[in-house]
Structure formats: C-alpha cells, structure tokens
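Here's structure-v3.txt, which has compact mmCIF, N, CA and C atoms:
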# COMPACT_ATOMS: atom_id res chain seq x y z
N MET A 23 52.94 -94.17 -29.83
CA MET A 23 54.07 -95.00 -29.41
C MET A 23 53.63 -96.43 -29.13
N SER A 24 52.41 -96.67 -28.69
CA SER A 24 51.99 -98.01 -28.33
C SER A 24 52.05 -98.96 -29.53
N HIS A 25 51.85 -98.43 -30.75
CA HIS A 25 51.92 -99.27 -31.93
C HIS A 25 53.38 -99.62 -32.28
N ALA A 26 54.31 -98.78 -31.84
CA ALA A 26 55.72 -99.02 -32.11
C ALA A 26 56.34 -99.97 -31.09
N PHE A 27 55.72 -100.09 -29.92
CA PHE A 27 56.24 -100.95 -28.86
C PHE A 27 55.11 -101.80 -28.31
N THR A 28 55.28 -103.12 -28.38
CA THR A 28 54.26 -104.04 -27.90
C THR A 28 54.93 -105.07 -27.01
N THR A 29 54.25 -105.44 -25.94
CA THR A 29 54.83 -106.41 -25.02
C THR A 29 53.79 -107.45 -24.60
N HIS A 30 54.28 -108.63 -24.27
CA HIS A 30 53.42 -109.74 -23.87
C HIS A 30 54.21 -110.63 -22.92
N VAL A 31 53.54 -111.19 -21.92
CA VAL A 31 54.20 -112.09 -20.97
C VAL A 31 53.78 -113.53 -21.25
N LEU A 32 54.78 -114.38 -21.48
CA LEU A 32 54.55 -115.82 -21.63
C LEU A 32 54.66 -116.47 -20.25
N ASN A 33 53.73 -117.34 -19.95
CA ASN A 33 53.84 -118.17 -18.75
C ASN A 33 54.36 -119.53 -19.21
N VAL A 34 55.48 -119.94 -18.65
CA VAL A 34 56.15 -121.18 -19.07
C VAL A 34 56.22 -122.12 -17.88
N ALA A 35 55.65 -123.30 -18.03
CA ALA A 35 55.76 -124.34 -17.02
C ALA A 35 57.01 -125.14 -17.32
N SER A 36 58.10 -124.83 -16.63
CA SER A 36 59.37 -125.51 -16.90
C SER A 36 59.50 -126.80 -16.11
N GLY A 37 58.61 -127.02 -15.16
CA GLY A 37 58.58 -128.29 -14.45
C GLY A 37 59.57 -128.37 -13.31
N SER A 38 59.74 -129.57 -12.80
CA SER A 38 60.58 -129.79 -11.62
C SER A 38 61.92 -130.45 -11.97
N ARG A 39 62.38 -130.22 -13.21
CA ARG A 39 63.70 -130.71 -13.61
C ARG A 39 64.39 -129.62 -14.42
N GLU A 40 65.68 -129.71 -14.54
CA GLU A 40 66.43 -128.74 -15.33
C GLU A 40 66.02 -128.87 -16.79
N ARG A 41 65.81 -127.72 -17.43
CA ARG A 41 65.31 -127.78 -18.81
C ARG A 41 65.83 -126.64 -19.65
N VAL A 42 65.89 -126.92 -20.93
CA VAL A 42 66.04 -125.90 -21.97
C VAL A 42 64.72 -125.93 -22.73
N VAL A 43 63.95 -124.85 -22.64
CA VAL A 43 62.61 -124.80 -23.22
C VAL A 43 62.66 -123.94 -24.48
N ASP A 44 62.33 -124.52 -25.62
CA ASP A 44 62.35 -123.80 -26.89
C ASP A 44 61.15 -122.84 -26.95
N LEU A 45 61.44 -121.56 -27.09
CA LEU A 45 60.41 -120.52 -27.15
C LEU A 45 60.25 -119.94 -28.55
N THR A 46 60.92 -120.52 -29.53
CA THR A 46 60.95 -119.94 -30.88
C THR A 46 59.55 -119.79 -31.46
N ARG A 47 58.73 -120.80 -31.37
CA ARG A 47 57.36 -120.70 -31.92
C ARG A 47 56.53 -119.64 -31.21
N ASP A 48 56.71 -119.54 -29.89
CA ASP A 48 56.01 -118.49 -29.15
C ASP A 48 56.44 -117.11 -29.63
N CYS A 49 57.73 -116.95 -29.88
CA CYS A 49 58.24 -115.67 -30.38
C CYS A 49 57.68 -115.37 -31.77
N GLU A 50 57.68 -116.38 -32.64
CA GLU A 50 57.15 -116.20 -33.99
C GLU A 50 55.67 -115.85 -33.97
N GLU A 51 54.91 -116.50 -33.11
CA GLU A 51 53.47 -116.20 -32.99
C GLU A 51 53.25 -114.78 -32.49
N PHE A 52 54.02 -114.37 -31.50
CA PHE A 52 53.93 -113.01 -30.98
C PHE A 52 54.22 -111.99 -32.09
N LEU A 53 55.23 -112.25 -32.90
CA LEU A 53 55.57 -111.33 -33.99
C LEU A 53 54.50 -111.31 -35.08
N ARG A 54 53.90 -112.46 -35.38
CA ARG A 54 52.80 -112.49 -36.36
C ARG A 54 51.65 -111.60 -35.90
N GLU A 55 51.38 -111.60 -34.61
CA GLU A 55 50.26 -110.84 -34.06
C GLU A 55 50.57 -109.36 -33.89
N THR A 56 51.85 -108.99 -33.77
CA THR A 56 52.18 -107.62 -33.39
C THR A 56 53.02 -106.82 -34.37
N SER A 57 53.80 -107.48 -35.22
CA SER A 57 54.78 -106.74 -36.01
C SER A 57 54.21 -106.03 -37.22
N ASP A 58 53.07 -106.49 -37.72
CA ASP A 58 52.49 -105.92 -38.95
C ASP A 58 53.50 -105.91 -40.09
N GLY A 59 54.38 -106.91 -40.13
CA GLY A 59 55.35 -107.02 -41.21
C GLY A 59 56.50 -106.03 -41.14
N ARG A 60 56.62 -105.34 -40.02
CA ARG A 60 57.66 -104.31 -39.89
C ARG A 60 59.00 -104.89 -39.43
N ASP A 61 60.04 -104.12 -39.67
CA ASP A 61 61.36 -104.41 -39.12
C ASP A 61 61.41 -103.90 -37.69
N GLY A 62 62.27 -104.50 -36.89
CA GLY A 62 62.43 -104.03 -35.52
C GLY A 62 63.30 -104.97 -34.71
N LEU A 63 63.07 -104.95 -33.42
CA LEU A 63 63.82 -105.78 -32.49
C LEU A 63 62.86 -106.52 -31.57
N LEU A 64 63.16 -107.78 -31.32
CA LEU A 64 62.45 -108.56 -30.34
C LEU A 64 63.36 -108.72 -29.14
N ASN A 65 62.87 -108.31 -27.98
CA ASN A 65 63.60 -108.49 -26.74
C ASN A 65 62.88 -109.52 -25.89
N LEU A 66 63.62 -110.43 -25.32
CA LEU A 66 63.10 -111.39 -24.35
C LEU A 66 63.78 -111.11 -23.03
N PHE A 67 62.99 -111.14 -21.95
CA PHE A 67 63.54 -110.92 -20.62
C PHE A 67 62.87 -111.85 -19.63
N VAL A 68 63.68 -112.51 -18.81
CA VAL A 68 63.18 -113.41 -17.76
C VAL A 68 63.37 -112.69 -16.43
N PRO A 69 62.28 -112.28 -15.78
CA PRO A 69 62.42 -111.56 -14.50
C PRO A 69 62.60 -112.52 -13.32
N HIS A 70 63.57 -113.41 -13.44
CA HIS A 70 63.87 -114.38 -12.38
C HIS A 70 65.38 -114.39 -12.15
N ALA A 71 65.78 -114.61 -10.91
CA ALA A 71 67.19 -114.60 -10.55
C ALA A 71 67.89 -115.91 -10.85
N THR A 72 67.16 -116.90 -11.39
CA THR A 72 67.74 -118.23 -11.57
C THR A 72 67.41 -118.83 -12.94
N ALA A 73 67.27 -118.01 -13.97
CA ALA A 73 66.99 -118.52 -15.32
C ALA A 73 67.62 -117.58 -16.33
N GLY A 74 67.77 -118.06 -17.55
CA GLY A 74 68.37 -117.24 -18.60
C GLY A 74 67.77 -117.53 -19.95
N ILE A 75 68.19 -116.74 -20.94
CA ILE A 75 67.76 -116.89 -22.33
C ILE A 75 68.99 -117.22 -23.16
N ALA A 76 68.88 -118.23 -24.01
CA ALA A 76 70.00 -118.62 -24.89
C ALA A 76 69.49 -118.78 -26.31
N VAL A 77 70.33 -118.46 -27.26
CA VAL A 77 70.08 -118.77 -28.67
C VAL A 77 71.01 -119.94 -28.97
N ILE A 78 70.39 -121.12 -29.22
CA ILE A 78 71.15 -122.35 -29.34
C ILE A 78 70.39 -123.33 -30.23
N GLU A 79 71.09 -124.25 -30.83
CA GLU A 79 70.45 -125.33 -31.58
C GLU A 79 69.76 -126.27 -30.59
N THR A 80 68.57 -126.72 -30.94
CA THR A 80 67.87 -127.70 -30.10
C THR A 80 67.56 -128.94 -30.92
N GLY A 81 67.27 -130.03 -30.25
CA GLY A 81 66.84 -131.24 -30.91
C GLY A 81 67.96 -132.15 -31.40
N ALA A 82 69.19 -131.67 -31.43
CA ALA A 82 70.31 -132.50 -31.88
C ALA A 82 71.27 -132.79 -30.74
N GLY A 83 70.84 -132.47 -29.51
CA GLY A 83 71.67 -132.74 -28.34
C GLY A 83 72.37 -131.54 -27.76
N SER A 84 72.38 -130.42 -28.46
CA SER A 84 73.07 -129.23 -27.94
C SER A 84 72.42 -128.71 -26.67
N ASP A 85 71.10 -128.85 -26.56
CA ASP A 85 70.43 -128.39 -25.35
C ASP A 85 70.87 -129.25 -24.16
N ASP A 86 70.98 -130.56 -24.34
CA ASP A 86 71.49 -131.42 -23.28
C ASP A 86 72.96 -131.14 -22.99
N ASP A 87 73.73 -130.85 -24.04
CA ASP A 87 75.14 -130.49 -23.86
C ASP A 87 75.27 -129.22 -23.03
N LEU A 88 74.39 -128.25 -23.27
CA LEU A 88 74.42 -127.01 -22.49
C LEU A 88 74.18 -127.32 -21.01
N LEU A 89 73.17 -128.12 -20.71
CA LEU A 89 72.91 -128.47 -19.31
C LEU A 89 74.09 -129.22 -18.70
N ALA A 90 74.72 -130.11 -19.47
CA ALA A 90 75.89 -130.83 -18.98
C ALA A 90 77.05 -129.88 -18.71
N ALA A 91 77.27 -128.92 -19.60
CA ALA A 91 78.34 -127.93 -19.41
C ALA A 91 78.07 -127.09 -18.17
N LEU A 92 76.80 -126.72 -17.97
CA LEU A 92 76.46 -125.94 -16.77
C LEU A 92 76.69 -126.75 -15.50
N HIS A 93 76.48 -128.07 -15.56
CA HIS A 93 76.77 -128.93 -14.40
C HIS A 93 78.27 -128.93 -14.11
N THR A 94 79.09 -128.91 -15.16
CA THR A 94 80.54 -128.88 -14.97
C THR A 94 80.98 -127.54 -14.40
N LEU A 95 80.47 -126.45 -14.97
CA LEU A 95 80.84 -125.11 -14.51
C LEU A 95 80.22 -124.74 -13.17
N LEU A 96 79.00 -125.19 -12.95
CA LEU A 96 78.24 -124.83 -11.75
C LEU A 96 77.69 -126.10 -11.08
N PRO A 97 78.53 -126.86 -10.41
CA PRO A 97 78.05 -128.10 -9.81
C PRO A 97 77.02 -127.84 -8.71
N ALA A 98 76.06 -128.74 -8.62
CA ALA A 98 75.02 -128.62 -7.59
C ALA A 98 75.52 -129.29 -6.31
N ASP A 99 76.44 -128.61 -5.63
CA ASP A 99 76.98 -129.15 -4.39
C ASP A 99 76.94 -128.08 -3.30
N ASP A 100 77.69 -128.28 -2.23
CA ASP A 100 77.59 -127.38 -1.07
C ASP A 100 78.62 -126.24 -1.08
N ARG A 101 79.25 -125.96 -2.21
CA ARG A 101 80.26 -124.90 -2.24
C ARG A 101 79.68 -123.49 -2.25
N TRP A 102 78.40 -123.34 -2.50
CA TRP A 102 77.78 -122.03 -2.73
C TRP A 102 77.39 -121.35 -1.42
N GLN A 103 77.63 -120.05 -1.35
CA GLN A 103 77.26 -119.26 -0.17
C GLN A 103 75.75 -119.13 -0.04
N HIS A 104 75.09 -119.03 -1.17
CA HIS A 104 73.63 -118.93 -1.22
C HIS A 104 73.07 -120.33 -0.98
N ARG A 105 72.44 -120.58 0.18
CA ARG A 105 72.16 -121.96 0.58
C ARG A 105 70.70 -122.33 0.81
N HIS A 106 69.74 -121.51 0.46
CA HIS A 106 68.36 -121.95 0.66
C HIS A 106 67.92 -122.82 -0.53
N GLY A 107 66.81 -123.50 -0.38
CA GLY A 107 66.28 -124.31 -1.48
C GLY A 107 66.93 -125.67 -1.57
N SER A 108 66.84 -126.27 -2.75
CA SER A 108 67.41 -127.60 -2.99
C SER A 108 68.92 -127.58 -2.80
N PRO A 109 69.52 -128.73 -2.51
CA PRO A 109 70.99 -128.78 -2.41
C PRO A 109 71.65 -128.23 -3.67
N GLY A 110 72.62 -127.35 -3.49
CA GLY A 110 73.32 -126.76 -4.63
C GLY A 110 72.58 -125.64 -5.31
N HIS A 111 71.45 -125.18 -4.74
CA HIS A 111 70.62 -124.15 -5.37
C HIS A 111 71.38 -122.83 -5.59
N GLY A 112 72.43 -122.60 -4.82
CA GLY A 112 73.21 -121.38 -5.00
C GLY A 112 73.75 -121.24 -6.41
N ARG A 113 74.04 -122.35 -7.06
CA ARG A 113 74.53 -122.31 -8.44
C ARG A 113 73.50 -121.71 -9.38
N ASP A 114 72.21 -121.95 -9.08
CA ASP A 114 71.15 -121.40 -9.94
C ASP A 114 71.17 -119.88 -9.95
N HIS A 115 71.63 -119.29 -8.86
CA HIS A 115 71.71 -117.84 -8.76
C HIS A 115 72.92 -117.28 -9.49
N VAL A 116 73.87 -118.13 -9.83
CA VAL A 116 75.04 -117.72 -10.61
C VAL A 116 74.77 -117.88 -12.11
N LEU A 117 73.84 -118.75 -12.45
CA LEU A 117 73.51 -119.04 -13.86
C LEU A 117 73.33 -117.79 -14.72
N PRO A 118 72.57 -116.76 -14.28
CA PRO A 118 72.34 -115.61 -15.16
C PRO A 118 73.61 -114.82 -15.52
N ALA A 119 74.70 -115.04 -14.79
CA ALA A 119 75.96 -114.40 -15.17
C ALA A 119 76.56 -115.07 -16.41
N LEU A 120 76.21 -116.35 -16.64
CA LEU A 120 76.71 -117.10 -17.79
C LEU A 120 75.69 -117.20 -18.91
N VAL A 121 74.42 -117.35 -18.55
CA VAL A 121 73.32 -117.38 -19.51
C VAL A 121 72.43 -116.21 -19.11
N PRO A 122 72.59 -115.06 -19.76
CA PRO A 122 71.92 -113.85 -19.30
C PRO A 122 70.39 -113.97 -19.36
N PRO A 123 69.72 -113.19 -18.53
CA PRO A 123 68.26 -113.25 -18.48
C PRO A 123 67.57 -112.47 -19.61
N HIS A 124 68.31 -112.19 -20.67
CA HIS A 124 67.74 -111.39 -21.76
C HIS A 124 68.42 -111.70 -23.08
N ALA A 125 67.72 -111.37 -24.17
CA ALA A 125 68.30 -111.44 -25.52
C ALA A 125 67.53 -110.45 -26.38
N THR A 126 68.22 -109.82 -27.30
CA THR A 126 67.58 -108.92 -28.27
C THR A 126 67.95 -109.42 -29.65
N LEU A 127 66.91 -109.66 -30.47
CA LEU A 127 67.09 -110.30 -31.77
C LEU A 127 66.48 -109.45 -32.88
N PRO A 128 67.06 -109.48 -34.08
CA PRO A 128 66.52 -108.69 -35.19
C PRO A 128 65.24 -109.31 -35.75
N VAL A 129 64.35 -108.42 -36.17
CA VAL A 129 63.12 -108.79 -36.86
C VAL A 129 63.13 -108.07 -38.19
N VAL A 130 63.01 -108.80 -39.29
CA VAL A 130 63.02 -108.21 -40.63
C VAL A 130 61.74 -108.64 -41.34
N GLY A 131 60.98 -107.66 -41.77
CA GLY A 131 59.72 -107.94 -42.46
C GLY A 131 58.75 -108.71 -41.57
N GLY A 132 58.82 -108.47 -40.28
CA GLY A 132 57.92 -109.13 -39.35
C GLY A 132 58.35 -110.52 -38.92
N ARG A 133 59.51 -110.96 -39.40
CA ARG A 133 59.97 -112.32 -39.09
C ARG A 133 61.26 -112.29 -38.29
N LEU A 134 61.34 -113.19 -37.35
CA LEU A 134 62.53 -113.34 -36.53
C LEU A 134 63.69 -113.81 -37.40
N GLU A 135 64.81 -113.12 -37.34
CA GLU A 135 65.97 -113.44 -38.15
C GLU A 135 66.93 -114.33 -37.36
N LEU A 136 66.68 -115.63 -37.42
CA LEU A 136 67.56 -116.60 -36.79
C LEU A 136 68.30 -117.38 -37.87
N GLY A 137 69.45 -117.92 -37.52
CA GLY A 137 70.16 -118.80 -38.42
C GLY A 137 69.42 -120.13 -38.55
N THR A 138 69.82 -120.93 -39.51
CA THR A 138 69.13 -122.17 -39.84
C THR A 138 68.87 -123.05 -38.62
N TRP A 139 69.84 -123.21 -37.75
CA TRP A 139 69.71 -124.14 -36.63
C TRP A 139 69.49 -123.44 -35.30
N GLN A 140 69.29 -122.13 -35.30
CA GLN A 140 69.15 -121.40 -34.05
C GLN A 140 67.71 -121.42 -33.54
N SER A 141 67.59 -121.57 -32.24
CA SER A 141 66.32 -121.48 -31.53
C SER A 141 66.50 -120.54 -30.35
N VAL A 142 65.41 -119.93 -29.91
CA VAL A 142 65.42 -119.05 -28.75
C VAL A 142 64.89 -119.88 -27.58
N CYS A 143 65.67 -119.97 -26.50
CA CYS A 143 65.32 -120.89 -25.42
C CYS A 143 65.42 -120.26 -24.03
N LEU A 144 64.54 -120.72 -23.17
CA LEU A 144 64.63 -120.46 -21.75
C LEU A 144 65.52 -121.55 -21.15
N VAL A 145 66.51 -121.15 -20.38
CA VAL A 145 67.39 -122.10 -19.69
C VAL A 145 67.06 -122.00 -18.21
N ASP A 146 66.57 -123.10 -17.66
CA ASP A 146 66.09 -123.10 -16.28
C ASP A 146 66.69 -124.29 -15.54
N THR A 147 67.60 -124.03 -14.60
CA THR A 147 68.20 -125.09 -13.80
C THR A 147 67.61 -125.17 -12.40
N ASN A 148 66.68 -124.29 -12.09
CA ASN A 148 66.11 -124.21 -10.75
C ASN A 148 64.90 -125.14 -10.63
N VAL A 149 65.09 -126.27 -9.99
CA VAL A 149 64.00 -127.24 -9.85
C VAL A 149 62.99 -126.82 -8.80
N ASP A 150 63.30 -125.78 -8.03
CA ASP A 150 62.39 -125.30 -6.99
C ASP A 150 61.32 -124.35 -7.53
N ASN A 151 61.47 -123.89 -8.77
CA ASN A 151 60.52 -122.93 -9.33
C ASN A 151 60.00 -123.47 -10.66
N PRO A 152 58.87 -124.19 -10.66
CA PRO A 152 58.40 -124.85 -11.88
C PRO A 152 57.66 -123.94 -12.85
N ASN A 153 57.41 -122.70 -12.47
CA ASN A 153 56.68 -121.78 -13.34
C ASN A 153 57.49 -120.51 -13.56
N ARG A 154 57.63 -120.15 -14.83
CA ARG A 154 58.42 -118.97 -15.20
C ARG A 154 57.61 -118.02 -16.04
N GLN A 155 58.05 -116.79 -16.06
CA GLN A 155 57.48 -115.80 -16.97
C GLN A 155 58.60 -115.30 -17.87
N VAL A 156 58.26 -115.09 -19.13
CA VAL A 156 59.20 -114.51 -20.09
C VAL A 156 58.48 -113.36 -20.76
N ARG A 157 59.05 -112.16 -20.65
CA ARG A 157 58.46 -110.98 -21.29
C ARG A 157 59.01 -110.83 -22.69
N LEU A 158 58.11 -110.81 -23.68
CA LEU A 158 58.46 -110.55 -25.07
C LEU A 158 58.09 -109.11 -25.38
N SER A 159 59.02 -108.38 -25.96
CA SER A 159 58.75 -106.99 -26.35
C SER A 159 59.22 -106.77 -27.77
N PHE A 160 58.33 -106.21 -28.60
CA PHE A 160 58.68 -105.88 -29.98
C PHE A 160 58.74 -104.37 -30.12
N LEU A 161 59.87 -103.89 -30.61
CA LEU A 161 60.06 -102.48 -30.88
C LEU A 161 60.25 -102.32 -32.38
N ALA A 162 59.30 -101.63 -33.02
CA ALA A 162 59.38 -101.42 -34.47
C ALA A 162 60.23 -100.22 -34.79

Would you put the structure from the file into structure tokens?
Amino acid sequence: MSHAFTTHVLNVASGSRERVVDLTRDCEEFLRETSDGRDGLLNLFVPHATAGIAVIETGAGSDDDLLAALHTLLPADDRWQHRHGSPGHGRDHVLPALVPPHATLPVVGGRLELGTWQSVCLVDTNVDNPNRQVRLSFLA
C-alpha cells in the first residue's frame, strides 16, 4: 500500500502579509518523484484554521482580485467574535469556510491535470502566522 499512497509536507513561508502562494511547481515536482507515471489523485491539505487552498489563475491579477474580494466579504475590523491576534483576525478563522483547507485534483500519466490558466495556491490572510505547512498526498 505504501507505493499506492505517498505523502509529503511542504513548509511554506507565507510571510507577514496576506498572500496567494502558487504551489503548482511544488505539486508537479512531488508528482515527478512519486507518481511513476501513474494515474491517481493529488490531495492538498492545510492543517491550519486560517488558510485555504484555491485553484485559480495567477500572474494576471486574479490572485490580487481574490484577496480584494476576501477583504470585501471578510473585512478586517472589530465585528468578529474571535478577537485574539491582529485587529480583525477573527475573519481569518472564517476564511476556510469560503476557501477550503483542501483540494483533490486528477493526475493522469503522472501529470497534474490543470486547465491552461489554472494554478494550485495557498491562500493565507493571517499575518500573525508567517509559516505554513501543506500536506501533499498522491493516491495511485
């Protein structure tokens, strides 16, 4: 079974600002090392209460648009019941309800099957936690 299921933890330094971090190359490298050209599923999971995984276009402004939309939906103000950390930090704890902490993607012939403009990204609005872990799991 260990050959059919492989897992690896990425350590991601997301820094002290809100970010959308492109993980696509990390995912592709993981699959090159583990898939042996097989079909299967790649699962990403962020074991944090204030981050999520999104499949989104990057580099053309969509990542900034996502952060702007999250500011509109989840303003960093004093309305949140969850009140520790930076001002408005309670919104970070609501983020995973909108940007889930996981994604499962198809792998065909050992390659991640994304659309032309799709990237796999960590979405992190929590400026209080500059280091994240993302678990990559390949199931053949």

* What separation in Å, quoted to one decimal, exists between atom N of Ala35 (chain A) and CA of Thr56 (chain A)? -> 22.2 Å

Would you return as a CSV table (one decimal) with N, CA and C atoms, in the frame of the given file the members of chain A that DSSP assigns to alpha helix (DSSP H) on this structure's backbone?
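Final output, states08.csv:
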chain,number,residue,atom,x,y,z
A,46,THR,N,60.9,-120.5,-29.5
A,46,THR,CA,61.0,-119.9,-30.9
A,46,THR,C,59.6,-119.8,-31.5
A,47,ARG,N,58.7,-120.8,-31.4
A,47,ARG,CA,57.4,-120.7,-31.9
A,47,ARG,C,56.5,-119.6,-31.2
A,48,ASP,N,56.7,-119.5,-29.9
A,48,ASP,CA,56.0,-118.5,-29.2
A,48,ASP,C,56.4,-117.1,-29.6
A,49,CYS,N,57.7,-117.0,-29.9
A,49,CYS,CA,58.2,-115.7,-30.4
A,49,CYS,C,57.7,-115.4,-31.8
A,50,GLU,N,57.7,-116.4,-32.6
A,50,GLU,CA,57.2,-116.2,-34.0
A,50,GLU,C,55.7,-115.8,-34.0
A,51,GLU,N,54.9,-116.5,-33.1
A,51,GLU,CA,53.5,-116.2,-33.0
A,51,GLU,C,53.2,-114.8,-32.5
A,52,PHE,N,54.0,-114.4,-31.5
A,52,PHE,CA,53.9,-113.0,-31.0
A,52,PHE,C,54.2,-112.0,-32.1
A,53,LEU,N,55.2,-112.2,-32.9
A,53,LEU,CA,55.6,-111.3,-34.0
A,53,LEU,C,54.5,-111.3,-35.1
A,54,ARG,N,53.9,-112.5,-35.4
A,54,ARG,CA,52.8,-112.5,-36.4
A,54,ARG,C,51.6,-111.6,-35.9
A,55,GLU,N,51.4,-111.6,-34.6
A,55,GLU,CA,50.3,-110.8,-34.1
A,55,GLU,C,50.6,-109.4,-33.9
A,56,THR,N,51.8,-109.0,-33.8
A,56,THR,CA,52.2,-107.6,-33.4
A,56,THR,C,53.0,-106.8,-34.4
A,84,SER,N,72.4,-130.4,-28.5
A,84,SER,CA,73.1,-129.2,-27.9
A,84,SER,C,72.4,-128.7,-26.7
A,85,ASP,N,71.1,-128.8,-26.6
A,85,ASP,CA,70.4,-128.4,-25.4
A,85,ASP,C,70.9,-129.2,-24.2
A,86,ASP,N,71.0,-130.6,-24.3
A,86,ASP,CA,71.5,-131.4,-23.3
A,86,ASP,C,73.0,-131.1,-23.0
A,87,ASP,N,73.7,-130.8,-24.0
A,87,ASP,CA,75.1,-130.5,-23.9
A,87,ASP,C,75.3,-129.2,-23.0
A,88,LEU,N,74.4,-128.2,-23.3
A,88,LEU,CA,74.4,-127.0,-22.5
A,88,LEU,C,74.2,-127.3,-21.0
A,89,LEU,N,73.2,-128.1,-20.7
A,89,LEU,CA,72.9,-128.5,-19.3
A,89,LEU,C,74.1,-129.2,-18.7
A,90,ALA,N,74.7,-130.1,-19.5
A,90,ALA,CA,75.9,-130.8,-19.0
A,90,ALA,C,77.0,-129.9,-18.7
A,91,ALA,N,77.3,-128.9,-19.6
A,91,ALA,CA,78.3,-127.9,-19.4
A,91,ALA,C,78.1,-127.1,-18.2
A,92,LEU,N,76.8,-126.7,-18.0
A,92,LEU,CA,76.5,-125.9,-16.8
A,92,LEU,C,76.7,-126.8,-15.5
A,93,HIS,N,76.5,-128.1,-15.6
A,93,HIS,CA,76.8,-128.9,-14.4
A,93,HIS,C,78.3,-128.9,-14.1
A,94,THR,N,79.1,-128.9,-15.2
A,94,THR,CA,80.5,-128.9,-15.0
A,94,THR,C,81.0,-127.5,-14.4
A,95,LEU,N,80.5,-126.4,-15.0
A,95,LEU,CA,80.8,-125.1,-14.5
A,95,LEU,C,80.2,-124.7,-13.2
A,112,GLY,N,72.4,-122.6,-4.8
A,112,GLY,CA,73.2,-121.4,-5.0
A,112,GLY,C,73.8,-121.2,-6.4
A,113,ARG,N,74.0,-122.4,-7.1
A,113,ARG,CA,74.5,-122.3,-8.4
A,113,ARG,C,73.5,-121.7,-9.4
A,114,ASP,N,72.2,-122.0,-9.1
A,114,ASP,CA,71.2,-121.4,-9.9
A,114,ASP,C,71.2,-119.9,-10.0
A,115,HIS,N,71.6,-119.3,-8.9
A,115,HIS,CA,71.7,-117.8,-8.8
A,115,HIS,C,72.9,-117.3,-9.5
A,116,VAL,N,73.9,-118.1,-9.8
A,116,VAL,CA,75.0,-117.7,-10.6
A,116,VAL,C,74.8,-117.9,-12.1
A,117,LEU,N,73.8,-118.8,-12.4
A,117,LEU,CA,73.5,-119.0,-13.9
A,117,LEU,C,73.3,-117.8,-14.7
A,118,PRO,N,72.6,-116.8,-14.3
A,118,PRO,CA,72.3,-115.6,-15.2
A,118,PRO,C,73.6,-114.8,-15.5
A,119,ALA,N,74.7,-115.0,-14.8
A,119,ALA,CA,76.0,-114.4,-15.2
A,119,ALA,C,76.6,-115.1,-16.4
A,120,LEU,N,76.2,-116.4,-16.6
A,120,LEU,CA,76.7,-117.1,-17.8
A,120,LEU,C,75.7,-117.2,-18.9

Can you pull out the residues contacting Thr46 (chain A)? Cut-off 12 Å, using only C-alpha atoms, and skip same-chain residues under 3 positions away; I want them as a compact mmCIF listing (two decimals) with N, CA and C atoms, keeping the file's coordinate frame.
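Once written, result.txt looks like this:
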# COMPACT_ATOMS: atom_id res chain seq x y z
N LEU A 32 54.78 -114.38 -21.48
CA LEU A 32 54.55 -115.82 -21.63
C LEU A 32 54.66 -116.47 -20.25
N VAL A 42 65.89 -126.92 -20.93
CA VAL A 42 66.04 -125.90 -21.97
C VAL A 42 64.72 -125.93 -22.73
N VAL A 43 63.95 -124.85 -22.64
CA VAL A 43 62.61 -124.80 -23.22
C VAL A 43 62.66 -123.94 -24.48
N CYS A 49 57.73 -116.95 -29.88
CA CYS A 49 58.24 -115.67 -30.38
C CYS A 49 57.68 -115.37 -31.77
N GLU A 50 57.68 -116.38 -32.64
CA GLU A 50 57.15 -116.20 -33.99
C GLU A 50 55.67 -115.85 -33.97
N GLU A 51 54.91 -116.50 -33.11
CA GLU A 51 53.47 -116.20 -32.99
C GLU A 51 53.25 -114.78 -32.49
N PHE A 52 54.02 -114.37 -31.50
CA PHE A 52 53.93 -113.01 -30.98
C PHE A 52 54.22 -111.99 -32.09
N LEU A 53 55.23 -112.25 -32.90
CA LEU A 53 55.57 -111.33 -33.99
C LEU A 53 54.50 -111.31 -35.08
N LEU A 64 63.16 -107.78 -31.32
CA LEU A 64 62.45 -108.56 -30.34
C LEU A 64 63.36 -108.72 -29.14
N LEU A 66 63.62 -110.43 -25.32
CA LEU A 66 63.10 -111.39 -24.35
C LEU A 66 63.78 -111.11 -23.03
N ILE A 75 68.19 -116.74 -20.94
CA ILE A 75 67.76 -116.89 -22.33
C ILE A 75 68.99 -117.22 -23.16
N ALA A 76 68.88 -118.23 -24.01
CA ALA A 76 70.00 -118.62 -24.89
C ALA A 76 69.49 -118.78 -26.31
N VAL A 77 70.33 -118.46 -27.26
CA VAL A 77 70.08 -118.77 -28.67
C VAL A 77 71.01 -119.94 -28.97
N ILE A 78 70.39 -121.12 -29.22
CA ILE A 78 71.15 -122.35 -29.34
C ILE A 78 70.39 -123.33 -30.23
N GLU A 79 71.09 -124.25 -30.83
CA GLU A 79 70.45 -125.33 -31.58
C GLU A 79 69.76 -126.27 -30.59
N THR A 80 68.57 -126.72 -30.94
CA THR A 80 67.87 -127.70 -30.10
C THR A 80 67.56 -128.94 -30.92
N LEU A 127 66.91 -109.66 -30.47
CA LEU A 127 67.09 -110.30 -31.77
C LEU A 127 66.48 -109.45 -32.88
N ARG A 133 59.51 -110.96 -39.40
CA ARG A 133 59.97 -112.32 -39.09
C ARG A 133 61.26 -112.29 -38.29
N LEU A 134 61.34 -113.19 -37.35
CA LEU A 134 62.53 -113.34 -36.53
C LEU A 134 63.69 -113.81 -37.40
N GLU A 135 64.81 -113.12 -37.34
CA GLU A 135 65.97 -113.44 -38.15
C GLU A 135 66.93 -114.33 -37.36
N LEU A 136 66.68 -115.63 -37.42
CA LEU A 136 67.56 -116.60 -36.79
C LEU A 136 68.30 -117.38 -37.87
N GLY A 137 69.45 -117.92 -37.52
CA GLY A 137 70.16 -118.80 -38.42
C GLY A 137 69.42 -120.13 -38.55
N TRP A 139 69.84 -123.21 -37.75
CA TRP A 139 69.71 -124.14 -36.63
C TRP A 139 69.49 -123.44 -35.30
N GLN A 140 69.29 -122.13 -35.30
CA GLN A 140 69.15 -121.40 -34.05
C GLN A 140 67.71 -121.42 -33.54
N SER A 141 67.59 -121.57 -32.24
CA SER A 141 66.32 -121.48 -31.53
C SER A 141 66.50 -120.54 -30.35
N VAL A 142 65.41 -119.93 -29.91
CA VAL A 142 65.42 -119.05 -28.75
C VAL A 142 64.89 -119.88 -27.58
N CYS A 143 65.67 -119.97 -26.50
CA CYS A 143 65.32 -120.89 -25.42
C CYS A 143 65.42 -120.26 -24.03
N LEU A 144 64.54 -120.72 -23.17
CA LEU A 144 64.63 -120.46 -21.75
C LEU A 144 65.52 -121.55 -21.15
N LEU A 158 58.11 -110.81 -23.68
CA LEU A 158 58.46 -110.55 -25.07
C LEU A 158 58.09 -109.11 -25.38

* Please report, as a PyMOL selection string, each residue of chain A to which DSSP assigns strand (DSSP E or B) when run on this structure's backbone. => chain A and resi 27-35+41-44+62-67+73-78+124-130+133-134+141-146+153-161

* To do: Just give me the gap between CA of His124 (chain A) and atom C of Asn65 (chain A) in Å, one decimal is fine.
  =>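 Taking CA of His124 (chain A) as the start and atom C of Asn65 (chain A) as the end point, the length is 6.6 Å.
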